[in-house]
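Peer 1: Got a structure for you, written out below as structure tokens; questions coming shortly.
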Amino acid sequence: MGGSSGAGEMLFHPTVMALLLWSFAAVGATAAAAAFAWTIIREWNPASGSARQLELERRTYLIATLMVAVLVGEAVSLLLFVFNADSMAVMFVGAMCAVGTLNASPYGFPALVAKIVVFFLAVVWLAFNRADNHGWDYPLIRPKYRLLLAIFPVVAGSAALQLAYFADLRADVLVSCCSKLFVPEQKGVAAHASGLPAMPSLAAFYVATAACVAMGWGMRRRPGLAVAYSPLAAAAFVVAMAAVVSVLSTYVYEQPHHHCPFCILKPEYGYVGYALYVPLFLGTGLGLAVWPINRYRAIPSLAEAVPPMVARMAAVSAGSFLVLIAVGTAIVAVSNLRYL
Amino acid sequence: MNRTIERQRYLIDFTIASLARRRGRNLGLFAVYTLLVFVLASASLLGYGLRKEARTVLAASPEILVQHLLAGRHDLIPESHLAALRDIRGIAAAEGRLWGYYYDAGMRANYTLMVPSDRTIEPGTAIIGSAIARLRNLGEGDAVHFLSPKAKMFRFGIAGTLPSESELVAADVVLVSEADFRAFFGFPAGMVTDIAVSVRNPKEVATVSAKISRLIVDARVVTRDDILRSYESLFDWRQGMITVLLAGAVLAFVILAWDKAAGLSAEERREIGILKAIGWETSDVIAVKFWEGGLVSLGAFLVAYTLAYLHVFHFGGALFAPALKGWATLYPDFRMVPEISGQQIATIFFLTVVPYTLATIVPVWRAAIIDPDTVMR
């Protein structure tokens, strides 16, 4: 049934083709950008008026444009990857949602995690690029391209994992559904998160996100808080994800034993997962960028542009966490499930 | 924030004016772009609609089918298994089904002869699917003659036709009584074509089918999910093949986009030079060029997707239907339920807009770094 079952049979799935094509293009573009980054780091000299320097200055526009396109595309492809994993679940025996599809190959979850890492790095790099564009003397050019050199292996690794994952998918593999993975009795991170006690986990969710909101608000007066804001946003991400798995998802399903962080993306639950994840990822990404950008506020050519930019990023990040709190509270309030 | 929006608004204003000034050139690109998205979107909407249709049809079919295998081929199954099957806990009902294929040499069409389980048919009469009624121009009260495989002529009075809503499954169906069915095919008594099993709890389907395999060792047990999965991968595969075939077209389009973006007229170069001389920065020119591409992309995408939607859901996807649906003399005539999914849109976006954008980056940059003095001299 279902044609000959062999490795690689899923490569002809249209969305899989689109994702793979995109990742090849992204790796190619990032490789070109990384090669250029290497040249910039070695040869950049704004004091020189040589033809070489002029050429480099012109080329930075190309590379920056290319990277903006690539990194925005990577963010969209993360969304499509998850969406696709969910809709492909019907092809695997035992799969009910994205968990089954991602579990059908050992490369599934690593590919997802790599894509998430690329997403956060992309947000930080785009923030660097934006700040750099505000200064007339390319003040952040070296840190920006050093970061790009670091991003390249991650983009390439993510593409390789994705290719390995899709090539490895086979329709005849028996997979386990989320009700097997996200249960406290199992081992691993997923099981550990599912086993967290519900009420303390919900309390931690409120404390962490509210702290982000408060500190983001506080940064209006005291920008020095940026040092603490980025780590706090990262911590809030982990706490919020744990809360989604251990307690918020159970409110959505109105079942204390269903802990899946992917089923909430399904139409049956009104796509409420997207309402949780979009502000969470946006808030965390911008929050992560706040501190690195704020470090450059002393540079003369950025003294005017960076403080308001950092303030805006912190405000949007804190606002996202506020939306997250509102969505989380709405889920708890609407649900018929009661823990207390 | 407001300043950024204002700035982009002025850039868009400028872009629209500049697009309008070179109407002919942009319309060409727009037309090709629209055509490409239209083709891809049609294939995708059609595949999606068919898949949904298959799912709807299968929702009404039994959870488990039990077939008898003889030398690896599908064979008739004795009715005596029914009692044993009904003893398995978890099985709500098990019934033998009688159906077979009949080739009508005169019309060169295959019919499916069936004995319905939910209604009784008078011997000597038949109820026919709407496609057969169309093909042979039959209505209630008419009679039809079939030459049986044993070369005996059978006469059936038409007692009715099946409603056209069920056309996808019932287009080629002829419902007859059990006595007629057995006589027509010379079907041995005590045997049925296969056994349909319904299961009380859908989560137990796997367990129940394993039990059936142990009970009837020479049986093939097919679950509804198996069939659903096969359909799913079949449609995905067909749609994937169409996409692969269209890869050449996408490539040609990318080359065209590159060429259009690279081939700046002397007038355009002058224009960019003047803009830079009056204080535009390289990044402003790049922004304008991207707005240009973005507006053309957005326009082409919307127009093409709307056209594809009309093509598939109002005109039955005439262009691609043979490749995706398969074909037969008695092909069901059905209209699919319109549905658009974000995933499909995103997939087409990645196959068209993204390559277009990437292909134009280098030419756009080349245009944007033009030195004012070299073009104005």
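Quick note on naming: the chains in the structure tokens go A, B, ... in the order shown, residues restart at 1 in each chain, and ligands are numbered from 1 in order of appearance.
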Could you list, as JSON, numbers by chain, every residue within 12 Å of A:Lys115, counting only C-alpha atoms and ignoring same-chain residues fewer than 5 positions away?
Peer 2: {"A": [19, 23, 71, 73, 74, 75, 76, 77, 78, 79, 80, 81, 82, 108, 109, 110, 120, 121, 122, 151, 154, 155, 156, 157, 158, 159, 160, 161, 162]}
Peer 1: Fewer than 4 positions away in the same chain doesn't count, so skip those; otherwise give me all residues within 8 Å of B:Tyr231, counting only C-alpha atoms, as a list in words.
Peer 2: Gly2 of chain A; Arg51, Ala54, Ile227 and Phe235 of chain B
Peer 1: Counting only C-alpha atoms, which residues in chain B sit no more than 7 Å from chain A? For each one, give the nearest pair of atoms and the distance in Å, sorted by chain then residue number, as JSON lines.
Peer 2:
{"residue": "B:Arg229", "atom": "CA", "partner": "A:Met91", "partner_atom": "CA", "distance": 4.9}
{"residue": "B:Ser230", "atom": "CA", "partner": "A:Gly2", "partner_atom": "CA", "distance": 4.0}
{"residue": "B:Glu232", "atom": "CA", "partner": "A:Met91", "partner_atom": "CA", "distance": 6.7}
{"residue": "B:Ser233", "atom": "CA", "partner": "A:Gly2", "partner_atom": "CA", "distance": 6.1}
{"residue": "B:Leu234", "atom": "CA", "partner": "A:Gly2", "partner_atom": "CA", "distance": 6.6}
{"residue": "B:Asp236", "atom": "CA", "partner": "A:His13", "partner_atom": "CA", "distance": 5.3}
{"residue": "B:Trp237", "atom": "CA", "partner": "A:Phe12", "partner_atom": "CA", "distance": 5.7}
{"residue": "B:Gln239", "atom": "CA", "partner": "A:Pro14", "partner_atom": "CA", "distance": 6.7}
{"residue": "B:Gly240", "atom": "CA", "partner": "A:Phe12", "partner_atom": "CA", "distance": 4.7}
{"residue": "B:Met241", "atom": "CA", "partner": "A:Phe12", "partner_atom": "CA", "distance": 6.9}
{"residue": "B:Thr243", "atom": "CA", "partner": "A:Pro14", "partner_atom": "CA", "distance": 6.9}
{"residue": "B:Gln343", "atom": "CA", "partner": "A:Leu80", "partner_atom": "CA", "distance": 6.6}
{"residue": "B:Ala346", "atom": "CA", "partner": "A:Leu80", "partner_atom": "CA", "distance": 7.0}
{"residue": "B:Thr347", "atom": "CA", "partner": "A:Thr15", "partner_atom": "CA", "distance": 5.3}
{"residue": "B:Phe350", "atom": "CA", "partner": "A:Ala18", "partner_atom": "CA", "distance": 5.7}
{"residue": "B:Leu351", "atom": "CA", "partner": "A:Ala18", "partner_atom": "CA", "distance": 5.8}
{"residue": "B:Ile361", "atom": "CA", "partner": "A:Leu66", "partner_atom": "CA", "distance": 6.7}
{"residue": "B:Val362", "atom": "CA", "partner": "A:Leu62", "partner_atom": "CA", "distance": 6.8}
{"residue": "B:Trp365", "atom": "CA", "partner": "A:Leu62", "partner_atom": "CA", "distance": 5.7}
{"residue": "B:Ile369", "atom": "CA", "partner": "A:Arg58", "partner_atom": "CA", "distance": 6.6}
Peer 1: Which polymer residues have any atom within 7 Å of an atom of stretch 284-292 of chain A, counting only C-alpha atoms, with same-chain residues fewer than 4 positions away left out, as an mmCIF file with N, CA and C atoms, in the first residue's frame?
Peer 2:
data_model
loop_
_atom_site.group_PDB
_atom_site.id
_atom_site.type_symbol
_atom_site.label_atom_id
_atom_site.label_comp_id
_atom_site.auth_asym_id
_atom_site.auth_seq_id
_atom_site.Cartn_x
_atom_site.Cartn_y
_atom_site.Cartn_z
ATOM 1 N N PHE A 120 16.193 32.561 16.289
ATOM 2 C CA PHE A 120 16.624 33.541 17.295
ATOM 3 C C PHE A 120 17.888 34.266 16.845
ATOM 4 N N VAL A 123 16.931 36.930 14.381
ATOM 5 C CA VAL A 123 16.378 38.157 14.967
ATOM 6 C C VAL A 123 17.516 39.038 15.481
ATOM 7 N N VAL A 124 18.482 38.414 16.183
ATOM 8 C CA VAL A 124 19.579 39.203 16.738
ATOM 9 C C VAL A 124 20.381 39.848 15.609
ATOM 10 N N ALA A 127 18.653 42.764 14.097
ATOM 11 C CA ALA A 127 18.744 43.937 14.975
ATOM 12 C C ALA A 127 20.097 44.621 14.817
ATOM 13 N N ALA A 226 19.137 46.542 30.480
ATOM 14 C CA ALA A 226 19.277 45.688 29.298
ATOM 15 C C ALA A 226 20.132 44.461 29.585
ATOM 16 N N VAL A 227 21.186 44.663 30.420
ATOM 17 C CA VAL A 227 22.080 43.540 30.741
ATOM 18 C C VAL A 227 21.268 42.366 31.277
ATOM 19 N N TYR A 229 17.911 42.057 30.950
ATOM 20 C CA TYR A 229 16.688 41.746 30.220
ATOM 21 C C TYR A 229 16.848 40.541 29.300
ATOM 22 N N SER A 230 17.976 40.482 28.579
ATOM 23 C CA SER A 230 18.153 39.376 27.627
ATOM 24 C C SER A 230 18.165 38.012 28.311
ATOM 25 N N ALA A 233 14.667 37.207 29.361
ATOM 26 C CA ALA A 233 13.793 36.781 28.256
ATOM 27 C C ALA A 233 14.064 35.319 27.905
ATOM 28 N N ALA A 234 15.373 34.947 27.896
ATOM 29 C CA ALA A 234 15.709 33.555 27.584
ATOM 30 C C ALA A 234 15.111 32.622 28.632
ATOM 31 N N PHE A 237 11.465 32.223 28.200
ATOM 32 C CA PHE A 237 11.141 31.312 27.104
ATOM 33 C C PHE A 237 11.080 29.875 27.605
ATOM 34 N N LEU A 280 5.334 34.623 22.063
ATOM 35 C CA LEU A 280 6.455 34.077 22.842
ATOM 36 C C LEU A 280 7.757 34.184 22.056
ATOM 37 N N VAL A 310 16.754 50.483 21.154
ATOM 38 C CA VAL A 310 16.727 49.494 22.230
ATOM 39 C C VAL A 310 15.437 49.630 23.023
ATOM 40 N N MET A 313 12.678 48.048 21.052
ATOM 41 C CA MET A 313 12.737 46.576 21.060
ATOM 42 C C MET A 313 12.254 46.039 22.396
ATOM 43 N N ALA A 314 12.719 46.693 23.484
ATOM 44 C CA ALA A 314 12.302 46.240 24.813
ATOM 45 C C ALA A 314 10.796 46.399 24.968
ATOM 46 N N SER A 317 9.064 43.739 22.950
ATOM 47 C CA SER A 317 9.276 42.453 23.612
ATOM 48 C C SER A 317 8.391 42.343 24.852
#
Peer 1: Using only C-alpha atoms, which protein or nucleic acid residues come within 9 Å of B:Leu45? Drop anything in the same chain fewer than 5 positions from it, and give the result as a VMD selection string.
Peer 2: chain B and resid 40 50 308 to 309 312 to 313 317 338 to 341 344
Peer 1: Compare B:Gly24, B:Val285, B:Ala105, B:Phe184 by their minimum atom-to-atom distance to B:Lys152, counting only C-alpha atoms, and give me the closest one.
Peer 2: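 Smallest separation from B:Lys152 among the options: B:Phe184.
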Peer 1: If you measure from atom CA of B:Thr306 to atom CA of B:Gly28, what distance in Å do you get, rounded to one decimal?
Peer 2: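 Taking atom CA of B:Thr306 and atom CA of B:Gly28, their separation equals 19.1 Å.
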Peer 1: Give me the residues within 9 Å of B:Leu70 as a list in words, counting only C-alpha atoms and dropping any in the same chain fewer than 5 places off.
Peer 2: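 Answer for this query is Asp75, Leu76, Asp218 and Ala219 of chain B.
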Peer 1: Contacts of A:Tyr251 at 6 Å or less, counting only C-alpha atoms, minus same-chain residues fewer than 3 places along, as JSON, numbers by chain?
Peer 2: {"A": [248, 254, 332, 335, 337]}
Peer 1: Keeping only all heavy atoms, write those residues as a compact mmCIF listing (two decimals), in the first residue's frame.
Peer 2:
# COMPACT_ATOMS: atom_id res chain seq x y z
N LEU A 248 -0.52 24.58 30.58
CA LEU A 248 -1.40 25.35 29.69
C LEU A 248 -2.08 24.46 28.65
O LEU A 248 -3.26 24.62 28.36
CB LEU A 248 -0.61 26.46 29.00
CG LEU A 248 -0.33 27.69 29.86
CD1 LEU A 248 0.56 28.68 29.13
CD2 LEU A 248 -1.64 28.36 30.28
N GLU A 254 -8.61 20.40 28.04
CA GLU A 254 -9.50 20.10 29.17
C GLU A 254 -9.34 18.65 29.60
O GLU A 254 -10.29 17.93 29.88
CB GLU A 254 -10.96 20.41 28.78
CG GLU A 254 -11.11 21.85 28.32
CD GLU A 254 -12.54 22.31 28.17
OE1 GLU A 254 -13.40 21.43 28.05
OE2 GLU A 254 -12.77 23.53 28.18
N VAL A 332 -6.84 29.69 30.50
CA VAL A 332 -7.20 29.14 31.82
C VAL A 332 -8.64 29.51 32.16
O VAL A 332 -9.40 28.69 32.67
CB VAL A 332 -6.23 29.67 32.89
CG1 VAL A 332 -6.67 29.22 34.28
CG2 VAL A 332 -4.82 29.19 32.62
N SER A 335 -11.31 27.58 29.98
CA SER A 335 -11.32 26.12 30.09
C SER A 335 -12.27 25.63 31.18
O SER A 335 -12.52 26.31 32.18
CB SER A 335 -9.91 25.65 30.41
OG SER A 335 -9.91 24.26 30.65
N LEU A 337 -11.51 22.90 32.69
CA LEU A 337 -10.65 22.12 33.58
C LEU A 337 -10.30 22.98 34.80
O LEU A 337 -10.00 24.16 34.66
CB LEU A 337 -9.37 21.73 32.84
CG LEU A 337 -8.37 20.87 33.60
CD1 LEU A 337 -8.92 19.47 33.79
CD2 LEU A 337 -7.05 20.82 32.87
Peer 1: Residues of stretch 98-216 of chain B classed as helix (DSSP H, G or I) by DSSP on the backbone are to be reported as an MDAnalysis selection string.
Peer 2: chainID B and resid 130:136 164:170 178:185 202:215
Peer 1: Output N, CA and C atoms for every residue in the selection just made, as an mmCIF file, in the first residue's frame.
Peer 2:
data_model
loop_
_atom_site.group_PDB
_atom_site.id
_atom_site.type_symbol
_atom_site.label_atom_id
_atom_site.label_comp_id
_atom_site.auth_asym_id
_atom_site.auth_seq_id
_atom_site.Cartn_x
_atom_site.Cartn_y
_atom_site.Cartn_z
ATOM 1 N N SER B 130 -25.601 7.556 -11.338
ATOM 2 C CA SER B 130 -26.021 8.590 -12.279
ATOM 3 C C SER B 130 -25.163 8.615 -13.551
ATOM 4 N N ALA B 131 -23.872 8.223 -13.439
ATOM 5 C CA ALA B 131 -23.040 8.241 -14.639
ATOM 6 C C ALA B 131 -23.503 7.190 -15.641
ATOM 7 N N ILE B 132 -23.948 6.025 -15.133
ATOM 8 C CA ILE B 132 -24.458 4.989 -16.034
ATOM 9 C C ILE B 132 -25.757 5.466 -16.671
ATOM 10 N N ALA B 133 -26.601 6.110 -15.849
ATOM 11 C CA ALA B 133 -27.859 6.626 -16.365
ATOM 12 C C ALA B 133 -27.584 7.602 -17.512
ATOM 13 N N ARG B 134 -26.550 8.446 -17.339
ATOM 14 C CA ARG B 134 -26.201 9.403 -18.395
ATOM 15 C C ARG B 134 -25.678 8.673 -19.626
ATOM 16 N N LEU B 135 -24.768 7.723 -19.373
ATOM 17 C CA LEU B 135 -24.083 7.043 -20.467
ATOM 18 C C LEU B 135 -25.058 6.267 -21.339
ATOM 19 N N ARG B 136 -25.982 5.570 -20.688
ATOM 20 C CA ARG B 136 -26.897 4.728 -21.462
ATOM 21 C C ARG B 136 -28.262 5.356 -21.629
ATOM 22 N N SER B 164 -27.136 12.250 -7.169
ATOM 23 C CA SER B 164 -25.864 12.676 -7.733
ATOM 24 C C SER B 164 -24.908 13.207 -6.670
ATOM 25 N N GLU B 165 -25.369 13.450 -5.428
ATOM 26 C CA GLU B 165 -24.419 13.906 -4.389
ATOM 27 C C GLU B 165 -23.378 12.833 -4.116
ATOM 28 N N SER B 166 -23.791 11.559 -4.302
ATOM 29 C CA SER B 166 -22.860 10.479 -3.984
ATOM 30 C C SER B 166 -22.067 10.066 -5.224
ATOM 31 N N GLU B 167 -22.011 10.955 -6.201
ATOM 32 C CA GLU B 167 -21.454 10.583 -7.492
ATOM 33 C C GLU B 167 -20.019 10.057 -7.417
ATOM 34 N N LEU B 168 -19.201 10.681 -6.538
ATOM 35 C CA LEU B 168 -17.797 10.280 -6.506
ATOM 36 C C LEU B 168 -17.651 8.798 -6.207
ATOM 37 N N VAL B 169 -18.510 8.257 -5.340
ATOM 38 C CA VAL B 169 -18.404 6.836 -5.012
ATOM 39 C C VAL B 169 -19.359 5.984 -5.821
ATOM 40 N N ALA B 170 -20.453 6.558 -6.293
ATOM 41 C CA ALA B 170 -21.525 5.724 -6.830
ATOM 42 C C ALA B 170 -21.761 5.942 -8.317
ATOM 43 N N GLU B 178 -29.491 -9.939 -3.993
ATOM 44 C CA GLU B 178 -28.491 -10.980 -3.764
ATOM 45 C C GLU B 178 -28.689 -12.159 -4.724
ATOM 46 N N ALA B 179 -29.960 -12.539 -4.926
ATOM 47 C CA ALA B 179 -30.236 -13.694 -5.800
ATOM 48 C C ALA B 179 -29.744 -13.405 -7.224
ATOM 49 N N ASP B 180 -30.065 -12.197 -7.719
ATOM 50 C CA ASP B 180 -29.628 -11.819 -9.059
ATOM 51 C C ASP B 180 -28.110 -11.794 -9.157
ATOM 52 N N PHE B 181 -27.481 -11.230 -8.110
ATOM 53 C CA PHE B 181 -26.024 -11.104 -8.102
ATOM 54 C C PHE B 181 -25.360 -12.470 -8.232
ATOM 55 N N ARG B 182 -25.843 -13.442 -7.401
ATOM 56 C CA ARG B 182 -25.224 -14.770 -7.420
ATOM 57 C C ARG B 182 -25.477 -15.460 -8.752
ATOM 58 N N ALA B 183 -26.699 -15.275 -9.288
ATOM 59 C CA ALA B 183 -27.010 -15.928 -10.563
ATOM 60 C C ALA B 183 -26.191 -15.307 -11.707
ATOM 61 N N PHE B 184 -26.068 -13.973 -11.685
ATOM 62 C CA PHE B 184 -25.401 -13.252 -12.769
ATOM 63 C C PHE B 184 -23.942 -13.667 -12.894
ATOM 64 N N PHE B 185 -23.236 -13.692 -11.763
ATOM 65 C CA PHE B 185 -21.801 -14.008 -11.801
ATOM 66 C C PHE B 185 -21.524 -15.490 -11.612
ATOM 67 N N PRO B 202 -12.644 3.671 18.101
ATOM 68 C CA PRO B 202 -11.653 3.849 17.020
ATOM 69 C C PRO B 202 -10.213 3.612 17.482
ATOM 70 N N LYS B 203 -9.952 3.782 18.785
ATOM 71 C CA LYS B 203 -8.573 3.582 19.253
ATOM 72 C C LYS B 203 -8.194 2.104 19.270
ATOM 73 N N GLU B 204 -9.210 1.223 19.153
ATOM 74 C CA GLU B 204 -8.911 -0.203 19.233
ATOM 75 C C GLU B 204 -8.729 -0.852 17.873
ATOM 76 N N VAL B 205 -8.799 -0.028 16.797
ATOM 77 C CA VAL B 205 -8.757 -0.605 15.456
ATOM 78 C C VAL B 205 -7.518 -1.471 15.258
ATOM 79 N N ALA B 206 -6.362 -0.966 15.723
ATOM 80 C CA ALA B 206 -5.117 -1.718 15.512
ATOM 81 C C ALA B 206 -5.171 -3.062 16.235
ATOM 82 N N THR B 207 -5.650 -3.044 17.494
ATOM 83 C CA THR B 207 -5.736 -4.279 18.276
ATOM 84 C C THR B 207 -6.691 -5.264 17.619
ATOM 85 N N VAL B 208 -7.865 -4.735 17.215
ATOM 86 C CA VAL B 208 -8.865 -5.623 16.627
ATOM 87 C C VAL B 208 -8.327 -6.224 15.329
ATOM 88 N N SER B 209 -7.652 -5.421 14.508
ATOM 89 C CA SER B 209 -7.179 -5.985 13.238
ATOM 90 C C SER B 209 -6.100 -7.036 13.486
ATOM 91 N N ALA B 210 -5.303 -6.839 14.544
ATOM 92 C CA ALA B 210 -4.308 -7.877 14.871
ATOM 93 C C ALA B 210 -5.015 -9.172 15.280
ATOM 94 N N LYS B 211 -6.117 -9.036 16.045
ATOM 95 C CA LYS B 211 -6.863 -10.218 16.477
ATOM 96 C C LYS B 211 -7.448 -10.946 15.267
ATOM 97 N N ILE B 212 -7.955 -10.157 14.308
ATOM 98 C CA ILE B 212 -8.547 -10.792 13.122
ATOM 99 C C ILE B 212 -7.477 -11.559 12.350
ATOM 100 N N SER B 213 -6.290 -10.957 12.220
ATOM 101 C CA SER B 213 -5.223 -11.647 11.478
ATOM 102 C C SER B 213 -4.865 -12.970 12.136
ATOM 103 N N ARG B 214 -4.918 -13.004 13.474
ATOM 104 C CA ARG B 214 -4.602 -14.249 14.163
ATOM 105 C C ARG B 214 -5.715 -15.271 13.973
ATOM 106 N N LEU B 215 -6.948 -14.771 13.931
ATOM 107 C CA LEU B 215 -8.102 -15.668 13.839
ATOM 108 C C LEU B 215 -8.216 -16.273 12.440
#
Peer 1: Can you tell me which residues surround A:Met96 at a distance of at most 12 Å, considering only C-alpha atoms, apart from same-chain residues fewer than 2 positions away, and format the answer as a PyMOL selection string?
Peer 2: (chain A and resi 85-94+98-104+174-180+260+262-263+266) or (chain B and resi 203+225)
